[in-house]
Every structure is written in structure tokens, then in C-alpha cells.
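Next comes model13.pdb, with PDB, C-alpha atoms, pLDDT in the B column.
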```pdb
ATOM      1  CA  MET A   1     -89.161 -53.677  -4.902  1.00 49.00           C
ATOM      2  CA  PHE A   2     -87.980 -50.735  -2.920  1.00 49.00           C
ATOM      3  CA  ASP A   3     -86.835 -50.212   0.642  1.00 49.00           C
ATOM      4  CA  SER A   4     -89.174 -48.467   3.044  1.00 48.00           C
ATOM      5  CA  TRP A   5     -88.207 -47.253   6.509  1.00 50.00           C
ATOM      6  CA  ARG A   6     -90.854 -48.291   9.014  1.00 50.00           C
ATOM      7  CA  GLY A   7     -90.413 -48.014  12.756  1.00 52.00           C
ATOM      8  CA  GLY A   8     -86.654 -48.372  12.610  1.00 53.00           C
ATOM      9  CA  VAL A   9     -86.828 -51.452  10.359  1.00 61.00           C
ATOM     10  CA  VAL A  10     -86.159 -51.579   6.622  1.00 61.00           C
ATOM     11  CA  VAL A  11     -89.037 -53.407   4.927  1.00 58.00           C
ATOM     12  CA  LYS A  12     -89.068 -54.624   1.314  1.00 62.00           C
ATOM     13  CA  VAL A  13     -92.201 -53.284  -0.371  1.00 59.00           C
ATOM     14  CA  ALA A  14     -93.426 -54.413  -3.799  1.00 64.00           C
ATOM     15  CA  ARG A  15     -94.930 -51.803  -6.081  1.00 66.00           C
ATOM     16  CA  GLU A  16     -97.056 -52.533  -9.072  1.00 65.00           C
ATOM     17  CA  LEU A  17     -97.743 -50.052 -11.824  1.00 60.00           C
ATOM     18  CA  LYS A  18    -100.999 -50.674 -13.637  1.00 63.00           C
ATOM     19  CA  VAL A  19    -101.964 -49.329 -17.025  1.00 70.00           C
ATOM     20  CA  THR A  20    -105.617 -48.410 -17.214  1.00 78.00           C
ATOM     21  CA  PRO A  21    -107.739 -50.650 -19.424  1.00 87.00           C
ATOM     22  CA  ILE A  22    -109.140 -49.301 -22.663  1.00 92.00           C
ATOM     23  CA  THR A  23    -112.890 -49.124 -23.253  1.00 94.00           C
ATOM     24  CA  ASN A  24    -112.788 -49.918 -26.971  1.00 96.00           C
ATOM     25  CA  GLY A  25    -109.864 -50.485 -29.289  1.00 97.00           C
ATOM     26  CA  THR A  26    -106.944 -52.822 -29.902  1.00 97.00           C
ATOM     27  CA  VAL A  27    -104.203 -54.310 -27.736  1.00 97.00           C
ATOM     28  CA  ILE A  28    -101.170 -55.692 -29.561  1.00 98.00           C
ATOM     29  CA  ASP A  29     -99.344 -58.091 -27.251  1.00 96.00           C
ATOM     30  CA  HIS A  30     -96.190 -60.241 -27.550  1.00 96.00           C
ATOM     31  CA  ILE A  31     -94.286 -57.726 -29.657  1.00 97.00           C
ATOM     32  CA  PRO A  32     -90.530 -58.454 -29.573  1.00 96.00           C
ATOM     33  CA  PRO A  33     -88.745 -56.188 -27.078  1.00 96.00           C
ATOM     34  CA  GLY A  34     -87.771 -52.846 -28.565  1.00 94.00           C
ATOM     35  CA  MET A  35     -90.190 -53.087 -31.519  1.00 95.00           C
ATOM     36  CA  ALA A  36     -93.159 -51.169 -30.049  1.00 97.00           C
ATOM     37  CA  LEU A  37     -91.969 -47.923 -31.625  1.00 96.00           C
ATOM     38  CA  LYS A  38     -91.816 -49.625 -35.032  1.00 95.00           C
ATOM     39  CA  VAL A  39     -95.405 -50.825 -34.482  1.00 96.00           C
ATOM     40  CA  LEU A  40     -96.434 -47.223 -33.745  1.00 96.00           C
ATOM     41  CA  SER A  41     -94.720 -46.154 -36.962  1.00 94.00           C
ATOM     42  CA  ILE A  42     -96.527 -48.877 -38.947  1.00 94.00           C
ATOM     43  CA  LEU A  43     -99.833 -47.651 -37.521  1.00 95.00           C
ATOM     44  CA  GLY A  44     -98.953 -44.034 -38.346  1.00 95.00           C
ATOM     45  CA  ILE A  45     -99.195 -43.038 -34.687  1.00 95.00           C
ATOM     46  CA  THR A  46     -97.206 -39.896 -33.968  1.00 93.00           C
ATOM     47  CA  GLY A  47     -98.500 -38.877 -30.546  1.00 89.00           C
ATOM     48  CA  ASN A  48    -100.708 -36.111 -31.944  1.00 91.00           C
ATOM     49  CA  GLU A  49    -103.811 -38.310 -32.152  1.00 91.00           C
ATOM     50  CA  ASP A  50    -107.026 -37.579 -30.253  1.00 91.00           C
ATOM     51  CA  TYR A  51    -107.145 -41.061 -28.747  1.00 91.00           C
ATOM     52  CA  THR A  52    -105.158 -42.725 -25.974  1.00 92.00           C
ATOM     53  CA  VAL A  53    -102.129 -44.836 -26.877  1.00 94.00           C
ATOM     54  CA  SER A  54    -100.278 -46.823 -24.214  1.00 94.00           C
ATOM     55  CA  VAL A  55     -96.855 -48.373 -24.832  1.00 95.00           C
ATOM     56  CA  ALA A  56     -95.097 -50.794 -22.502  1.00 94.00           C
ATOM     57  CA  MET A  57     -91.577 -51.829 -23.450  1.00 96.00           C
ATOM     58  CA  ASN A  58     -89.398 -54.619 -22.089  1.00 94.00           C
ATOM     59  CA  VAL A  59     -92.193 -56.025 -19.926  1.00 93.00           C
ATOM     60  CA  SER A  60     -91.620 -59.441 -18.325  1.00 91.00           C
ATOM     61  CA  SER A  61     -93.075 -62.335 -20.297  1.00 88.00           C
ATOM     62  CA  LYS A  62     -93.255 -65.938 -19.119  1.00 89.00           C
ATOM     63  CA  LYS A  63     -93.176 -67.211 -22.688  1.00 86.00           C
ATOM     64  CA  PHE A  64     -90.568 -64.897 -24.286  1.00 86.00           C
ATOM     65  CA  GLY A  65     -88.629 -63.391 -21.359  1.00 93.00           C
ATOM     66  CA  LYS A  66     -89.352 -59.797 -22.440  1.00 95.00           C
ATOM     67  CA  LYS A  67     -91.967 -58.253 -24.688  1.00 96.00           C
ATOM     68  CA  ASP A  68     -93.553 -54.954 -25.723  1.00 96.00           C
ATOM     69  CA  ILE A  69     -97.273 -54.120 -25.632  1.00 96.00           C
ATOM     70  CA  VAL A  70     -99.201 -51.405 -27.522  1.00 97.00           C
ATOM     71  CA  LYS A  71    -102.764 -50.366 -26.605  1.00 96.00           C
ATOM     72  CA  VAL A  72    -104.691 -48.138 -28.997  1.00 96.00           C
ATOM     73  CA  GLU A  73    -108.010 -46.680 -27.821  1.00 96.00           C
ATOM     74  CA  SER A  74    -110.932 -46.352 -30.283  1.00 94.00           C
ATOM     75  CA  ARG A  75    -109.189 -48.041 -33.207  1.00 94.00           C
ATOM     76  CA  GLU A  76    -109.200 -51.464 -34.836  1.00 94.00           C
ATOM     77  CA  LEU A  77    -106.465 -52.472 -37.250  1.00 95.00           C
ATOM     78  CA  SER A  78    -106.883 -53.046 -40.964  1.00 94.00           C
ATOM     79  CA  PRO A  79    -105.753 -56.373 -42.475  1.00 92.00           C
ATOM     80  CA  LYS A  80    -102.874 -54.522 -44.163  1.00 92.00           C
ATOM     81  CA  GLU A  81    -101.680 -53.137 -40.796  1.00 95.00           C
ATOM     82  CA  VAL A  82    -101.898 -56.607 -39.239  1.00 96.00           C
ATOM     83  CA  ASN A  83     -99.796 -58.031 -42.107  1.00 94.00           C
ATOM     84  CA  LYS A  84     -97.162 -55.335 -41.555  1.00 95.00           C
ATOM     85  CA  ILE A  85     -97.045 -56.140 -37.840  1.00 96.00           C
ATOM     86  CA  ALA A  86     -96.652 -59.855 -38.669  1.00 95.00           C
ATOM     87  CA  LEU A  87     -93.447 -58.998 -40.553  1.00 95.00           C
ATOM     88  CA  ILE A  88     -91.759 -57.572 -37.441  1.00 94.00           C
ATOM     89  CA  ALA A  89     -93.663 -59.400 -34.690  1.00 94.00           C
ATOM     90  CA  PRO A  90     -94.551 -62.905 -35.923  1.00 92.00           C
ATOM     91  CA  HIS A  91     -95.733 -64.033 -32.459  1.00 93.00           C
ATOM     92  CA  ALA A  92     -97.889 -60.976 -31.739  1.00 96.00           C
ATOM     93  CA  THR A  93    -101.469 -61.347 -30.629  1.00 97.00           C
ATOM     94  CA  ILE A  94    -104.220 -58.900 -31.470  1.00 97.00           C
ATOM     95  CA  ASN A  95    -106.963 -58.335 -28.901  1.00 97.00           C
ATOM     96  CA  ILE A  96    -110.086 -56.435 -29.951  1.00 97.00           C
ATOM     97  CA  ILE A  97    -111.647 -54.702 -26.947  1.00 96.00           C
ATOM     98  CA  ARG A  98    -115.279 -53.560 -26.711  1.00 96.00           C
ATOM     99  CA  GLU A  99    -116.779 -52.210 -23.494  1.00 96.00           C
ATOM    100  CA  TYR A 100    -113.623 -53.330 -21.606  1.00 95.00           C
ATOM    101  CA  ASP A 101    -114.006 -56.968 -22.725  1.00 96.00           C
ATOM    102  CA  VAL A 102    -111.859 -58.933 -25.170  1.00 96.00           C
ATOM    103  CA  VAL A 103    -114.334 -59.841 -27.915  1.00 97.00           C
ATOM    104  CA  LYS A 104    -111.777 -61.266 -30.336  1.00 96.00           C
ATOM    105  CA  LYS A 105    -108.231 -62.514 -29.880  1.00 97.00           C
ATOM    106  CA  TYR A 106    -105.988 -63.893 -32.586  1.00 96.00           C
ATOM    107  CA  ARG A 107    -102.338 -64.383 -33.423  1.00 96.00           C
ATOM    108  CA  VAL A 108    -100.939 -62.587 -36.451  1.00 96.00           C
ATOM    109  CA  ARG A 109    -100.040 -64.805 -39.389  1.00 94.00           C
ATOM    110  CA  LEU A 110     -97.396 -64.096 -41.929  1.00 90.00           C
ATOM    111  CA  PRO A 111     -98.996 -64.266 -45.378  1.00 89.00           C
ATOM    112  CA  LYS A 112     -97.335 -66.430 -48.063  1.00 93.00           C
ATOM    113  CA  LYS A 113     -97.371 -63.410 -50.377  1.00 95.00           C
ATOM    114  CA  VAL A 114     -96.645 -59.869 -49.199  1.00 95.00           C
ATOM    115  CA  VAL A 115     -98.259 -57.339 -51.521  1.00 95.00           C
ATOM    116  CA  GLY A 116     -97.914 -53.565 -51.366  1.00 94.00           C
ATOM    117  CA  ILE A 117     -96.435 -53.299 -47.869  1.00 94.00           C
ATOM    118  CA  VAL A 118     -92.708 -53.815 -48.464  1.00 96.00           C
ATOM    119  CA  ARG A 119     -90.465 -51.783 -50.760  1.00 96.00           C
ATOM    120  CA  CYS A 120     -87.958 -53.686 -52.902  1.00 97.00           C
ATOM    121  CA  ALA A 121     -84.333 -53.103 -51.948  1.00 96.00           C
ATOM    122  CA  ASN A 122     -83.303 -53.094 -55.619  1.00 97.00           C
ATOM    123  CA  PRO A 123     -83.390 -49.492 -56.906  1.00 96.00           C
ATOM    124  CA  SER A 124     -83.642 -50.832 -60.491  1.00 96.00           C
ATOM    125  CA  CYS A 125     -86.723 -52.966 -59.733  1.00 97.00           C
ATOM    126  CA  ILE A 126     -89.811 -52.017 -61.760  1.00 97.00           C
ATOM    127  CA  THR A 127     -91.661 -51.393 -58.475  1.00 96.00           C
ATOM    128  CA  ASN A 128     -89.243 -48.523 -57.744  1.00 95.00           C
ATOM    129  CA  SER A 129     -89.326 -46.973 -61.233  1.00 93.00           C
ATOM    130  CA  GLY A 130     -92.514 -44.933 -60.879  1.00 91.00           C
ATOM    131  CA  GLU A 131     -94.552 -47.440 -62.891  1.00 91.00           C
ATOM    132  CA  PRO A 132     -98.023 -48.292 -61.523  1.00 93.00           C
ATOM    133  CA  VAL A 133     -96.804 -51.678 -60.234  1.00 95.00           C
ATOM    134  CA  GLU A 134     -97.407 -52.759 -56.660  1.00 95.00           C
ATOM    135  CA  SER A 135     -94.535 -54.517 -54.891  1.00 96.00           C
ATOM    136  CA  GLU A 136     -94.992 -58.238 -54.396  1.00 97.00           C
ATOM    137  CA  PHE A 137     -92.851 -60.659 -52.420  1.00 98.00           C
ATOM    138  CA  ILE A 138     -92.918 -64.367 -51.712  1.00 97.00           C
ATOM    139  CA  VAL A 139     -92.008 -65.496 -48.188  1.00 96.00           C
ATOM    140  CA  ILE A 140     -89.163 -67.963 -48.744  1.00 95.00           C
ATOM    141  CA  SER A 141     -88.178 -68.386 -45.093  1.00 93.00           C
ATOM    142  CA  THR A 142     -89.675 -67.437 -41.745  1.00 89.00           C
ATOM    143  CA  LYS A 143     -86.633 -68.040 -39.490  1.00 87.00           C
ATOM    144  CA  PRO A 144     -84.929 -65.851 -40.375  1.00 90.00           C
ATOM    145  CA  LEU A 145     -87.556 -63.944 -42.320  1.00 92.00           C
ATOM    146  CA  ARG A 146     -86.555 -63.737 -45.993  1.00 95.00           C
ATOM    147  CA  LEU A 147     -88.663 -62.286 -48.781  1.00 97.00           C
ATOM    148  CA  LYS A 148     -88.064 -62.547 -52.528  1.00 98.00           C
ATOM    149  CA  CYS A 149     -89.333 -59.960 -55.017  1.00 98.00           C
ATOM    150  CA  VAL A 150     -91.445 -61.600 -57.735  1.00 98.00           C
ATOM    151  CA  TYR A 151     -90.243 -59.025 -60.310  1.00 98.00           C
ATOM    152  CA  CYS A 152     -86.466 -58.795 -59.864  1.00 98.00           C
ATOM    153  CA  GLU A 153     -85.904 -61.777 -57.527  1.00 98.00           C
ATOM    154  CA  ARG A 154     -83.940 -59.665 -55.029  1.00 98.00           C
ATOM    155  CA  GLU A 155     -84.045 -61.141 -51.533  1.00 97.00           C
ATOM    156  CA  ILE A 156     -84.651 -59.032 -48.454  1.00 96.00           C
ATOM    157  CA  LEU A 157     -83.439 -60.150 -45.040  1.00 92.00           C
ATOM    158  CA  ASP A 158     -83.877 -57.114 -42.777  1.00 89.00           C
ATOM    159  CA  VAL A 159     -87.525 -56.591 -43.680  1.00 92.00           C
ATOM    160  CA  LYS A 160     -88.303 -53.986 -40.986  1.00 90.00           C
ATOM    161  CA  ASP A 161     -86.216 -51.424 -42.908  1.00 91.00           C
ATOM    162  CA  TYR A 162     -88.342 -51.826 -46.052  1.00 94.00           C
ATOM    163  CA  ILE A 163     -91.890 -51.721 -44.685  1.00 93.00           C
ATOM    164  CA  VAL A 164     -93.873 -48.877 -46.266  1.00 89.00           C
TER     165      VAL A 164
END
```
As C-alpha cells, please, write out the structure in this file.
Amino acid sequence: MFDSWRGGVVVKVARELKVTPITNGTVIDHIPPGMALKVLSILGITGNEDYTVSVAMNVSSKKFGKKDIVKVESRELSPKEVNKIALIAPHATINIIREYDVVKKYRVRLPKKVVGIVRCANPSCITNSGEPVESEFIVISTKPLRLKCVYCEREILDVKDYIV
């Protein structure tokens, strides 16, 4: 809302900012507030791409109070990218857009095993020693999110700092 001076009377005027729809691509909705930039990092988006990327942060949400939204034109996410997003945004929804229509919508799901997308916090873990061993974690808790390395049994609480 902003004040507008009309004919000697101050009138409250509502303004709405609309983000243009994407023709084809992916919309990631219900991202926790402040995490959109981490989602961009997970997707390897730097701002130098040839496609349109829209980011809305701290948008009103009936369900969560506030949320972030990321729209990526001309790109669909790989299962590995979706699993990474699930680690930081467990309530996110993925919308696949084709010719301006939502053709598929689904909620991310945290896998029971997280393979190759999180680095172990233990510098002595075999996965950090240069050996050809892919990191592997078991989800031991979702609230709060806690992962346990299957090799060294180190637990990770602040997972977003260890996503590769």
C-alpha cells in the first residue's frame, strides 16, 4: 500500500508486482525464507546463464508465513539436484512447466540414504582421503535434520554447510 494524492484527498492504493510466467522450465516453491540463494548455489546458477532465473525472497505464504520461490526457465532438475534441495527445503514443491502450464507438481522427499551429495565433516573419514569412495549418509532424524556417515559414523546437524 502507498499513499496517493488525488484531488486533495489521500487515498490508499494497493500495488501488486507480478513476475512473468515462464514458458518452459521449473518453479521451486515453498523454500524456507532466506534459502533461495542456497538453492541457486545447489543448481550451479551464477547469474551468467543464458536463461531467465527469477528469485522471490520472503514472500507471504498462508501455510508457512514466509517463503522463497525460484523460477528457472528452460531447465528441469536432475534427481540429484532435487535430493540436495530436499536437504535444505524439506517442504519444497517442484513444478514442471511446459507451454506455460504446470504438467507435473510434486513435493520433494528426503531420501533415507544420502549418497554423493553431502561431504563428511570428519577430515579423517575415508571419503575425504582422496580414495575413490562416494560419501554415504543415513538420515537418522528429520526434525532437526541429522545425518550419520556410514563409514566413520560422524553425525552432521547443519547439513546445508556440507552439501557438495
Radius query 8 Å about (-101.9, -61.4, -33.6), atoms used: all atoms listed in the file, as an mmCIF file with C-alpha atoms, in the frame of the given file:
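Output file result.cif is given in full below:
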```cif
data_model
loop_
_atom_site.group_PDB
_atom_site.id
_atom_site.type_symbol
_atom_site.label_atom_id
_atom_site.label_comp_id
_atom_site.auth_asym_id
_atom_site.auth_seq_id
_atom_site.Cartn_x
_atom_site.Cartn_y
_atom_site.Cartn_z
ATOM 1 C CA ILE A 28 -101.170 -55.692 -29.561
ATOM 2 C CA ASP A 29 -99.344 -58.091 -27.251
ATOM 3 C CA VAL A 82 -101.898 -56.607 -39.239
ATOM 4 C CA ALA A 86 -96.652 -59.855 -38.669
ATOM 5 C CA PRO A 90 -94.551 -62.905 -35.923
ATOM 6 C CA HIS A 91 -95.733 -64.033 -32.459
ATOM 7 C CA ALA A 92 -97.889 -60.976 -31.739
ATOM 8 C CA THR A 93 -101.469 -61.347 -30.629
ATOM 9 C CA ILE A 94 -104.220 -58.900 -31.470
ATOM 10 C CA ASN A 95 -106.963 -58.335 -28.901
ATOM 11 C CA LYS A 105 -108.231 -62.514 -29.880
ATOM 12 C CA TYR A 106 -105.988 -63.893 -32.586
ATOM 13 C CA ARG A 107 -102.338 -64.383 -33.423
ATOM 14 C CA VAL A 108 -100.939 -62.587 -36.451
ATOM 15 C CA ARG A 109 -100.040 -64.805 -39.389
#
```
Q: For stretch 17-27 of chain A, list every protein, DNA or RNA residue within 8 Å, evaluated using only C-alpha atoms, and leave out those in the same chain fewer than 3 positions away; present the list as a PyMOL selection string.
A: chain A and resi 54+69-77+94-101
Q) Of the residues A:Thr52, A:Ser129, A:Asn83, A:Ser124, which is the one nearest to A:Pro111, using only C-alpha atoms? A) A:Asn83
Q) For the atom pair atom CA of A:Lys66 and atom CA of A:Pro33, what is the interatomic distance in Å to one decimal place? A)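 These atoms are spaced 5.9 Å apart.
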Distance query stretch 155-160 of chain A at most 8 Å, only C-alpha atoms, self and fewer than 2 positions along chain excluded, as a compact mmCIF listing (two decimals) with C-alpha atoms, keeping the file's coordinate frame:
```txt
# COMPACT_ATOMS: atom_id res chain seq x y z
CA LEU A 87 -93.45 -59.00 -40.55
CA ILE A 88 -91.76 -57.57 -37.44
CA VAL A 118 -92.71 -53.82 -48.46
CA CYS A 120 -87.96 -53.69 -52.90
CA ALA A 121 -84.33 -53.10 -51.95
CA PRO A 144 -84.93 -65.85 -40.38
CA LEU A 145 -87.56 -63.94 -42.32
CA ARG A 146 -86.56 -63.74 -45.99
CA LEU A 147 -88.66 -62.29 -48.78
CA LYS A 148 -88.06 -62.55 -52.53
CA CYS A 149 -89.33 -59.96 -55.02
CA GLU A 153 -85.90 -61.78 -57.53
CA TYR A 162 -88.34 -51.83 -46.05
CA ILE A 163 -91.89 -51.72 -44.68
```
Since the input lacks atoms, please generate N, CA, C and O atoms for stretch 78-97 of chain A and provide them as a PDB file, keeping the file's coordinate frame.
```pdb
ATOM      1  N   SER A  78    -106.514 -52.517 -39.653  1.00 94.00           N
ATOM      2  CA  SER A  78    -106.883 -53.046 -40.964  1.00 94.00           C
ATOM      3  C   SER A  78    -106.070 -54.321 -41.217  1.00 94.00           C
ATOM      4  O   SER A  78    -105.013 -54.522 -40.609  1.00 94.00           O
ATOM      5  N   PRO A  79    -106.535 -55.172 -42.129  1.00 92.00           N
ATOM      6  CA  PRO A  79    -105.753 -56.373 -42.475  1.00 92.00           C
ATOM      7  C   PRO A  79    -104.338 -56.031 -42.955  1.00 92.00           C
ATOM      8  O   PRO A  79    -103.388 -56.748 -42.656  1.00 92.00           O
ATOM      9  N   LYS A  80    -104.193 -54.928 -43.677  1.00 92.00           N
ATOM     10  CA  LYS A  80    -102.874 -54.522 -44.163  1.00 92.00           C
ATOM     11  C   LYS A  80    -101.948 -54.163 -42.989  1.00 92.00           C
ATOM     12  O   LYS A  80    -100.777 -54.524 -42.983  1.00 92.00           O
ATOM     13  N   GLU A  81    -102.478 -53.478 -41.976  1.00 95.00           N
ATOM     14  CA  GLU A  81    -101.680 -53.137 -40.796  1.00 95.00           C
ATOM     15  C   GLU A  81    -101.282 -54.395 -40.032  1.00 95.00           C
ATOM     16  O   GLU A  81    -100.145 -54.517 -39.571  1.00 95.00           O
ATOM     17  N   VAL A  82    -102.201 -55.349 -39.930  1.00 96.00           N
ATOM     18  CA  VAL A  82    -101.898 -56.607 -39.239  1.00 96.00           C
ATOM     19  C   VAL A  82    -100.796 -57.360 -39.986  1.00 96.00           C
ATOM     20  O   VAL A  82     -99.874 -57.905 -39.369  1.00 96.00           O
ATOM     21  N   ASN A  83    -100.843 -57.376 -41.319  1.00 94.00           N
ATOM     22  CA  ASN A  83     -99.796 -58.031 -42.107  1.00 94.00           C
ATOM     23  C   ASN A  83     -98.441 -57.363 -41.907  1.00 94.00           C
ATOM     24  O   ASN A  83     -97.411 -58.038 -41.846  1.00 94.00           O
ATOM     25  N   LYS A  84     -98.417 -56.046 -41.806  1.00 95.00           N
ATOM     26  CA  LYS A  84     -97.162 -55.335 -41.555  1.00 95.00           C
ATOM     27  C   LYS A  84     -96.606 -55.705 -40.184  1.00 95.00           C
ATOM     28  O   LYS A  84     -95.405 -55.935 -40.030  1.00 95.00           O
ATOM     29  N   ILE A  85     -97.474 -55.770 -39.192  1.00 96.00           N
ATOM     30  CA  ILE A  85     -97.045 -56.140 -37.840  1.00 96.00           C
ATOM     31  C   ILE A  85     -96.499 -57.560 -37.835  1.00 96.00           C
ATOM     32  O   ILE A  85     -95.497 -57.852 -37.173  1.00 96.00           O
ATOM     33  N   ALA A  86     -97.119 -58.462 -38.600  1.00 95.00           N
ATOM     34  CA  ALA A  86     -96.652 -59.855 -38.669  1.00 95.00           C
ATOM     35  C   ALA A  86     -95.217 -59.946 -39.179  1.00 95.00           C
ATOM     36  O   ALA A  86     -94.477 -60.854 -38.806  1.00 95.00           O
ATOM     37  N   LEU A  87     -94.811 -58.988 -40.020  1.00 95.00           N
ATOM     38  CA  LEU A  87     -93.447 -58.998 -40.553  1.00 95.00           C
ATOM     39  C   LEU A  87     -92.404 -58.720 -39.479  1.00 95.00           C
ATOM     40  O   LEU A  87     -91.289 -59.233 -39.551  1.00 95.00           O
ATOM     41  N   ILE A  88     -92.739 -57.911 -38.475  1.00 94.00           N
ATOM     42  CA  ILE A  88     -91.759 -57.572 -37.441  1.00 94.00           C
ATOM     43  C   ILE A  88     -92.046 -58.248 -36.099  1.00 94.00           C
ATOM     44  O   ILE A  88     -91.189 -58.282 -35.226  1.00 94.00           O
ATOM     45  N   ALA A  89     -93.266 -58.770 -35.950  1.00 94.00           N
ATOM     46  CA  ALA A  89     -93.663 -59.400 -34.690  1.00 94.00           C
ATOM     47  C   ALA A  89     -94.480 -60.662 -35.000  1.00 94.00           C
ATOM     48  O   ALA A  89     -95.694 -60.685 -34.819  1.00 94.00           O
ATOM     49  N   PRO A  90     -93.817 -61.725 -35.468  1.00 92.00           N
ATOM     50  CA  PRO A  90     -94.551 -62.905 -35.923  1.00 92.00           C
ATOM     51  C   PRO A  90     -95.313 -63.662 -34.831  1.00 92.00           C
ATOM     52  O   PRO A  90     -96.158 -64.493 -35.141  1.00 92.00           O
ATOM     53  N   HIS A  91     -95.030 -63.365 -33.558  1.00 93.00           N
ATOM     54  CA  HIS A  91     -95.733 -64.033 -32.459  1.00 93.00           C
ATOM     55  C   HIS A  91     -96.733 -63.108 -31.772  1.00 93.00           C
ATOM     56  O   HIS A  91     -97.277 -63.453 -30.723  1.00 93.00           O
ATOM     57  N   ALA A  92     -96.981 -61.951 -32.359  1.00 96.00           N
ATOM     58  CA  ALA A  92     -97.889 -60.976 -31.739  1.00 96.00           C
ATOM     59  C   ALA A  92     -99.313 -61.500 -31.708  1.00 96.00           C
ATOM     60  O   ALA A  92     -99.728 -62.272 -32.576  1.00 96.00           O
ATOM     61  N   THR A  93    -100.044 -61.059 -30.690  1.00 97.00           N
ATOM     62  CA  THR A  93    -101.469 -61.347 -30.629  1.00 97.00           C
ATOM     63  C   THR A  93    -102.223 -60.034 -30.676  1.00 97.00           C
ATOM     64  O   THR A  93    -101.766 -59.020 -30.140  1.00 97.00           O
ATOM     65  N   ILE A  94    -103.357 -60.067 -31.338  1.00 97.00           N
ATOM     66  CA  ILE A  94    -104.220 -58.900 -31.470  1.00 97.00           C
ATOM     67  C   ILE A  94    -105.465 -59.163 -30.635  1.00 97.00           C
ATOM     68  O   ILE A  94    -106.117 -60.192 -30.801  1.00 97.00           O
ATOM     69  N   ASN A  95    -105.765 -58.237 -29.736  1.00 97.00           N
ATOM     70  CA  ASN A  95    -106.963 -58.335 -28.901  1.00 97.00           C
ATOM     71  C   ASN A  95    -107.873 -57.170 -29.242  1.00 97.00           C
ATOM     72  O   ASN A  95    -107.473 -56.013 -29.112  1.00 97.00           O
ATOM     73  N   ILE A  96    -109.094 -57.471 -29.671  1.00 97.00           N
ATOM     74  CA  ILE A  96    -110.086 -56.435 -29.951  1.00 97.00           C
ATOM     75  C   ILE A  96    -110.910 -56.252 -28.685  1.00 97.00           C
ATOM     76  O   ILE A  96    -111.485 -57.222 -28.170  1.00 97.00           O
ATOM     77  N   ILE A  97    -110.970 -55.016 -28.203  1.00 96.00           N
ATOM     78  CA  ILE A  97    -111.647 -54.702 -26.947  1.00 96.00           C
ATOM     79  C   ILE A  97    -112.906 -53.896 -27.252  1.00 96.00           C
ATOM     80  O   ILE A  97    -112.862 -52.922 -28.009  1.00 96.00           O
TER      81      ILE A  97
END
```
